[in-house]
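**Q** This is protein07.cif, which holds mmCIF, N, CA and C atoms:
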data_target
loop_
_atom_site.label_atom_id
_atom_site.label_comp_id
_atom_site.auth_asym_id
_atom_site.auth_seq_id
_atom_site.Cartn_x
_atom_site.Cartn_y
_atom_site.Cartn_z
N MET D 1 -12.13 3.50 1.52
CA MET D 1 -11.71 2.12 1.61
C MET D 1 -10.26 2.10 2.10
N ILE D 2 -9.99 1.30 3.11
CA ILE D 2 -8.63 1.13 3.60
C ILE D 2 -8.21 -0.30 3.32
N LEU D 3 -7.14 -0.46 2.58
CA LEU D 3 -6.62 -1.79 2.26
C LEU D 3 -5.73 -2.27 3.39
N ASN D 4 -5.64 -3.55 3.57
CA ASN D 4 -4.78 -4.13 4.59
C ASN D 4 -3.36 -4.21 4.04
N VAL D 5 -2.60 -3.16 4.24
CA VAL D 5 -1.23 -3.07 3.75
C VAL D 5 -0.35 -2.58 4.88
N PRO D 6 0.97 -2.73 4.75
CA PRO D 6 1.85 -2.20 5.79
C PRO D 6 1.52 -0.74 6.07
N GLY D 7 1.43 -0.40 7.33
CA GLY D 7 1.06 0.96 7.69
C GLY D 7 -0.43 1.10 7.92
N ASN D 8 -1.20 0.09 7.54
CA ASN D 8 -2.65 0.09 7.75
C ASN D 8 -3.06 -1.16 8.52
N GLU D 9 -2.32 -1.51 9.56
CA GLU D 9 -2.63 -2.69 10.35
C GLU D 9 -3.89 -2.44 11.15
N PRO D 10 -4.67 -3.53 11.35
CA PRO D 10 -5.87 -3.37 12.17
C PRO D 10 -5.53 -2.79 13.53
N GLY D 11 -6.33 -1.84 13.98
CA GLY D 11 -6.11 -1.22 15.27
C GLY D 11 -5.20 -0.01 15.23
N SER D 12 -4.57 0.25 14.10
CA SER D 12 -3.70 1.43 14.00
C SER D 12 -4.48 2.55 13.31
N GLU D 13 -3.95 3.74 13.42
CA GLU D 13 -4.57 4.86 12.72
C GLU D 13 -4.47 4.63 11.22
N PRO D 14 -5.56 4.85 10.46
CA PRO D 14 -5.48 4.71 9.01
C PRO D 14 -4.45 5.70 8.45
N SER D 15 -3.67 5.23 7.52
CA SER D 15 -2.71 6.10 6.86
C SER D 15 -2.85 5.89 5.36
N SER D 16 -2.14 6.66 4.60
CA SER D 16 -2.19 6.50 3.16
C SER D 16 -1.63 5.15 2.77
N PRO D 17 -2.30 4.42 1.89
CA PRO D 17 -1.77 3.14 1.43
C PRO D 17 -0.40 3.35 0.78
N ILE D 18 0.52 2.43 1.05
CA ILE D 18 1.87 2.56 0.51
C ILE D 18 2.17 1.45 -0.49
N CYS D 19 3.16 1.67 -1.30
CA CYS D 19 3.61 0.75 -2.33
C CYS D 19 4.04 -0.58 -1.71
N SER D 20 3.74 -1.68 -2.39
CA SER D 20 4.09 -3.02 -1.92
C SER D 20 5.52 -3.43 -2.27
N ALA D 21 6.22 -2.62 -3.08
CA ALA D 21 7.60 -2.96 -3.44
C ALA D 21 8.48 -2.95 -2.19
N LYS D 22 9.36 -3.93 -2.10
CA LYS D 22 10.23 -4.07 -0.93
C LYS D 22 11.00 -2.78 -0.66
N GLY D 23 10.86 -2.27 0.55
CA GLY D 23 11.59 -1.09 0.99
C GLY D 23 11.00 0.24 0.54
N CYS D 24 9.97 0.21 -0.29
CA CYS D 24 9.38 1.46 -0.78
C CYS D 24 8.34 1.95 0.22
N ARG D 25 8.37 3.22 0.52
CA ARG D 25 7.40 3.83 1.45
C ARG D 25 6.57 4.90 0.74
N ALA D 26 6.63 4.94 -0.60
CA ALA D 26 5.89 5.94 -1.37
C ALA D 26 4.39 5.64 -1.35
N ASP D 27 3.60 6.68 -1.51
CA ASP D 27 2.15 6.51 -1.59
C ASP D 27 1.79 5.65 -2.79
N ALA D 28 0.85 4.75 -2.59
CA ALA D 28 0.36 3.90 -3.67
C ALA D 28 -0.55 4.71 -4.59
N VAL D 29 -0.45 4.43 -5.88
CA VAL D 29 -1.28 5.06 -6.89
C VAL D 29 -2.06 4.00 -7.67
N TRP D 30 -1.53 2.78 -7.71
CA TRP D 30 -2.09 1.70 -8.51
C TRP D 30 -2.42 0.48 -7.65
N VAL D 31 -3.45 -0.25 -8.06
CA VAL D 31 -3.78 -1.55 -7.48
C VAL D 31 -3.51 -2.60 -8.56
N LEU D 32 -2.71 -3.59 -8.22
CA LEU D 32 -2.43 -4.71 -9.12
C LEU D 32 -3.20 -5.91 -8.58
N ALA D 33 -4.23 -6.30 -9.30
CA ALA D 33 -5.07 -7.43 -8.89
C ALA D 33 -4.50 -8.70 -9.52
N TRP D 34 -4.35 -9.74 -8.71
CA TRP D 34 -3.73 -10.96 -9.21
C TRP D 34 -4.28 -12.17 -8.49
N ASN D 35 -3.99 -13.34 -9.03
CA ASN D 35 -4.23 -14.58 -8.31
C ASN D 35 -3.30 -15.65 -8.84
N ASN D 36 -3.01 -16.61 -7.99
CA ASN D 36 -2.20 -17.77 -8.36
C ASN D 36 -3.18 -18.90 -8.63
N PRO D 37 -3.35 -19.30 -9.90
CA PRO D 37 -4.37 -20.31 -10.22
C PRO D 37 -4.13 -21.66 -9.55
N LYS D 38 -2.92 -21.91 -9.08
CA LYS D 38 -2.66 -23.16 -8.37
C LYS D 38 -3.18 -23.12 -6.93
N LEU D 39 -3.39 -21.91 -6.42
CA LEU D 39 -3.81 -21.75 -5.03
C LEU D 39 -5.20 -21.14 -4.86
N HIS D 40 -5.61 -20.30 -5.81
CA HIS D 40 -6.83 -19.51 -5.65
C HIS D 40 -7.89 -19.89 -6.68
N THR D 41 -9.16 -19.74 -6.28
CA THR D 41 -10.24 -19.92 -7.24
C THR D 41 -10.15 -18.82 -8.28
N PRO D 42 -10.67 -19.05 -9.49
CA PRO D 42 -10.52 -18.06 -10.58
C PRO D 42 -11.04 -16.66 -10.26
N GLU D 43 -12.09 -16.55 -9.44
CA GLU D 43 -12.66 -15.23 -9.15
C GLU D 43 -11.94 -14.49 -8.02
N ARG D 44 -11.10 -15.19 -7.27
CA ARG D 44 -10.39 -14.55 -6.15
C ARG D 44 -9.35 -13.57 -6.67
N ARG D 45 -9.23 -12.42 -6.02
CA ARG D 45 -8.23 -11.43 -6.38
C ARG D 45 -7.46 -11.01 -5.15
N LYS D 46 -6.17 -11.21 -5.19
CA LYS D 46 -5.25 -10.67 -4.19
C LYS D 46 -4.81 -9.32 -4.75
N THR D 47 -4.29 -8.44 -3.91
CA THR D 47 -3.86 -7.14 -4.41
C THR D 47 -2.50 -6.76 -3.88
N TRP D 48 -1.75 -6.13 -4.75
CA TRP D 48 -0.54 -5.42 -4.39
C TRP D 48 -0.79 -3.97 -4.75
N LEU D 49 -0.15 -3.07 -4.04
CA LEU D 49 -0.24 -1.64 -4.34
C LEU D 49 1.08 -1.19 -4.92
N ALA D 50 1.01 -0.21 -5.80
CA ALA D 50 2.24 0.27 -6.44
C ALA D 50 2.23 1.78 -6.57
N CYS D 51 3.42 2.36 -6.40
CA CYS D 51 3.62 3.78 -6.71
C CYS D 51 3.89 3.86 -8.21
N GLU D 52 4.00 5.07 -8.72
CA GLU D 52 4.29 5.24 -10.15
C GLU D 52 5.60 4.54 -10.54
N GLU D 53 6.61 4.69 -9.69
CA GLU D 53 7.94 4.14 -10.01
C GLU D 53 7.95 2.61 -10.10
N HIS D 54 7.16 1.93 -9.28
CA HIS D 54 7.23 0.47 -9.21
C HIS D 54 6.09 -0.26 -9.93
N ARG D 55 5.15 0.45 -10.51
CA ARG D 55 4.01 -0.19 -11.19
C ARG D 55 4.47 -1.16 -12.27
N GLU D 56 5.34 -0.72 -13.14
CA GLU D 56 5.77 -1.57 -14.25
C GLU D 56 6.55 -2.79 -13.75
N HIS D 57 7.46 -2.58 -12.81
CA HIS D 57 8.27 -3.70 -12.28
C HIS D 57 7.38 -4.76 -11.62
N LEU D 58 6.47 -4.33 -10.74
CA LEU D 58 5.59 -5.29 -10.07
C LEU D 58 4.64 -5.96 -11.05
N SER D 59 4.16 -5.21 -12.05
CA SER D 59 3.28 -5.79 -13.07
C SER D 59 4.01 -6.87 -13.87
N LYS D 60 5.26 -6.60 -14.24
CA LYS D 60 6.04 -7.60 -14.98
C LYS D 60 6.30 -8.84 -14.13
N PHE D 61 6.62 -8.64 -12.85
CA PHE D 61 6.87 -9.75 -11.94
C PHE D 61 5.66 -10.69 -11.90
N LEU D 62 4.47 -10.13 -11.74
CA LEU D 62 3.25 -10.94 -11.70
C LEU D 62 2.90 -11.47 -13.08
N GLY D 63 3.12 -10.66 -14.10
CA GLY D 63 2.76 -11.04 -15.47
C GLY D 63 3.52 -12.24 -16.00
N VAL D 64 4.83 -12.30 -15.78
CA VAL D 64 5.61 -13.43 -16.30
C VAL D 64 5.21 -14.74 -15.63
N ARG D 65 4.59 -14.67 -14.49
CA ARG D 65 4.12 -15.87 -13.78
C ARG D 65 2.68 -16.22 -14.15
N GLY D 66 2.05 -15.34 -14.95
CA GLY D 66 0.65 -15.56 -15.33
C GLY D 66 -0.34 -15.23 -14.23
N PHE D 67 0.09 -14.43 -13.24
CA PHE D 67 -0.75 -14.11 -12.10
C PHE D 67 -1.53 -12.81 -12.27
N LEU D 68 -1.01 -11.85 -13.03
CA LEU D 68 -1.61 -10.51 -13.13
C LEU D 68 -2.95 -10.57 -13.85
N LYS D 69 -3.98 -10.01 -13.22
CA LYS D 69 -5.32 -9.99 -13.80
C LYS D 69 -5.76 -8.59 -14.20
N ASP D 70 -5.34 -7.57 -13.45
CA ASP D 70 -5.80 -6.21 -13.75
C ASP D 70 -4.91 -5.20 -13.05
N VAL D 71 -4.78 -4.02 -13.64
CA VAL D 71 -4.07 -2.88 -13.03
C VAL D 71 -5.03 -1.70 -13.09
N VAL D 72 -5.34 -1.16 -11.92
CA VAL D 72 -6.36 -0.11 -11.81
C VAL D 72 -5.83 1.01 -10.92
N LYS D 73 -6.16 2.24 -11.26
CA LYS D 73 -5.83 3.37 -10.39
C LYS D 73 -6.47 3.14 -9.02
N LEU D 74 -5.73 3.41 -7.97
CA LEU D 74 -6.23 3.22 -6.61
C LEU D 74 -7.56 3.91 -6.39
N GLU D 75 -7.68 5.12 -6.90
CA GLU D 75 -8.92 5.89 -6.70
C GLU D 75 -10.12 5.25 -7.41
N ASP D 76 -9.89 4.40 -8.41
CA ASP D 76 -10.96 3.74 -9.16
C ASP D 76 -11.23 2.32 -8.70
N TRP D 77 -10.40 1.79 -7.79
CA TRP D 77 -10.50 0.38 -7.38
C TRP D 77 -11.71 0.13 -6.47
N THR D 78 -12.45 -0.88 -6.81
CA THR D 78 -13.46 -1.42 -5.91
C THR D 78 -13.21 -2.92 -5.87
N SER D 79 -13.02 -3.45 -4.69
CA SER D 79 -12.71 -4.86 -4.57
C SER D 79 -13.93 -5.69 -4.96
N PRO D 80 -13.70 -6.88 -5.54
CA PRO D 80 -14.81 -7.75 -5.93
C PRO D 80 -15.70 -8.03 -4.71
N GLY D 81 -16.98 -7.97 -4.95
CA GLY D 81 -17.94 -8.23 -3.89
C GLY D 81 -18.30 -7.03 -3.06
N SER D 82 -17.71 -5.85 -3.38
CA SER D 82 -18.05 -4.66 -2.58
C SER D 82 -19.03 -3.79 -3.29
#
Hey, can you dump this file as structure tokens for me?
**A**
Amino acid sequence: MILNVPGNEPGSEPSSPICSAKGCRADAVWVLAWNNPKLHTPERRKTWLACEEHREHLSKFLGVRGFLKDVVKLEDWTSPGS
């Protein structure tokens, strides 16, 4: 599975998914599934990717807003509907 993240643009060579933290180019290890209830239906899940270093920071950022739904190891992630 290749996620649509920086470095994995359509038409480019697939590369290792990278962390979604600003300026971080480390390999992603975690998937943070979230949604904004003001914008998304309850079952919809958006995803951010995180390296070990940024998992907690990104989780807290989403969590304090009430957006974080799940944190899963990248290797265990299956997107809803797949």
**Q** Name the residues that the PyMOL selection byres (((chain D and resi 75 and name CA) around 12) and name CA) pulls out of this structure, and write them as a PyMOL selection string.
**A** chain D and resi 1-2+16-17+28-31+49+71-74+76-79
**Q** Let me know the residues the PyMOL selection byres ((chain D and resi 20) around 6.5) catches in the file above, as a VMD selection string.
**A** chain D and resid 18 to 19 21 to 24 48 to 51
**Q** Counting all atoms listed in the file, which of D:Gly66, D:Ser15, D:Phe61, D:Arg55 gets nearest to D:Asn35?
**A** D:Gly66
**Q** So how many Å separate atom CA of D:Arg45 and atom CA of D:Ala26, to one decimal?
**A**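 Atom CA of D:Ala26 lies at a distance of 22.9 Å from atom CA of D:Arg45.
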**Q** Once the PyMOL selection byres (((chain D and resi 46 and name CA) around 12) and name CA) is applied to the coordinates I shared, what remains selected? I want it as a PyMOL selection string.
**A** chain D and resi 3-5+31-37+39-45+47-49+62+67-71+79-80
**Q** Report, in Å with one decimal, the straight-line distance from atom C of D:Lys38 to atom N of D:Glu53.
**A**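 Here the two named atoms are 29.6 Å from each other.
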**Q** Each side padded by 8 Å, which centre and which edge lengths in Å (one decimal) define the axis-aligned box around the listed atoms of stretch 59-71 of chain D? Give them as JSON.
**A**
{"center_x": 0.5, "center_y": -9.0, "center_z": -14.0, "size_x": 28.7, "size_y": 30.5, "size_z": 20.6}
**Q** So that I can check the secondary structure, give me every residue of stretch 7-68 of chain D assigned strand (DSSP E) by backbone DSSP, as a short mmCIF file (atom, residue, chain, number, x, y, z; two decimals) with N, CA and C atoms, in the frame of the given file.
**A**
data_model
loop_
_atom_site.label_atom_id
_atom_site.label_comp_id
_atom_site.auth_asym_id
_atom_site.auth_seq_id
_atom_site.Cartn_x
_atom_site.Cartn_y
_atom_site.Cartn_z
N TRP D 30 -1.53 2.78 -7.71
CA TRP D 30 -2.09 1.70 -8.51
C TRP D 30 -2.42 0.48 -7.65
N VAL D 31 -3.45 -0.25 -8.06
CA VAL D 31 -3.78 -1.55 -7.48
C VAL D 31 -3.51 -2.60 -8.56
N LEU D 32 -2.71 -3.59 -8.22
CA LEU D 32 -2.43 -4.71 -9.12
C LEU D 32 -3.20 -5.91 -8.58
N ALA D 33 -4.23 -6.30 -9.30
CA ALA D 33 -5.07 -7.43 -8.89
C ALA D 33 -4.50 -8.70 -9.52
N TRP D 34 -4.35 -9.74 -8.71
CA TRP D 34 -3.73 -10.96 -9.21
C TRP D 34 -4.28 -12.17 -8.49
N LYS D 46 -6.17 -11.21 -5.19
CA LYS D 46 -5.25 -10.67 -4.19
C LYS D 46 -4.81 -9.32 -4.75
N THR D 47 -4.29 -8.44 -3.91
CA THR D 47 -3.86 -7.14 -4.41
C THR D 47 -2.50 -6.76 -3.88
N TRP D 48 -1.75 -6.13 -4.75
CA TRP D 48 -0.54 -5.42 -4.39
C TRP D 48 -0.79 -3.97 -4.75
N LEU D 49 -0.15 -3.07 -4.04
CA LEU D 49 -0.24 -1.64 -4.34
C LEU D 49 1.08 -1.19 -4.92
N ALA D 50 1.01 -0.21 -5.80
CA ALA D 50 2.24 0.27 -6.44
C ALA D 50 2.23 1.78 -6.57
N LEU D 68 -1.01 -11.85 -13.03
CA LEU D 68 -1.61 -10.51 -13.13
C LEU D 68 -2.95 -10.57 -13.85
#
**Q** By how many Å are atom N of D:Val64 and atom CA of D:Glu52 apart?
**A**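 Between atom N of D:Val64 and atom CA of D:Glu52 the gap works out to 18.4 Å.
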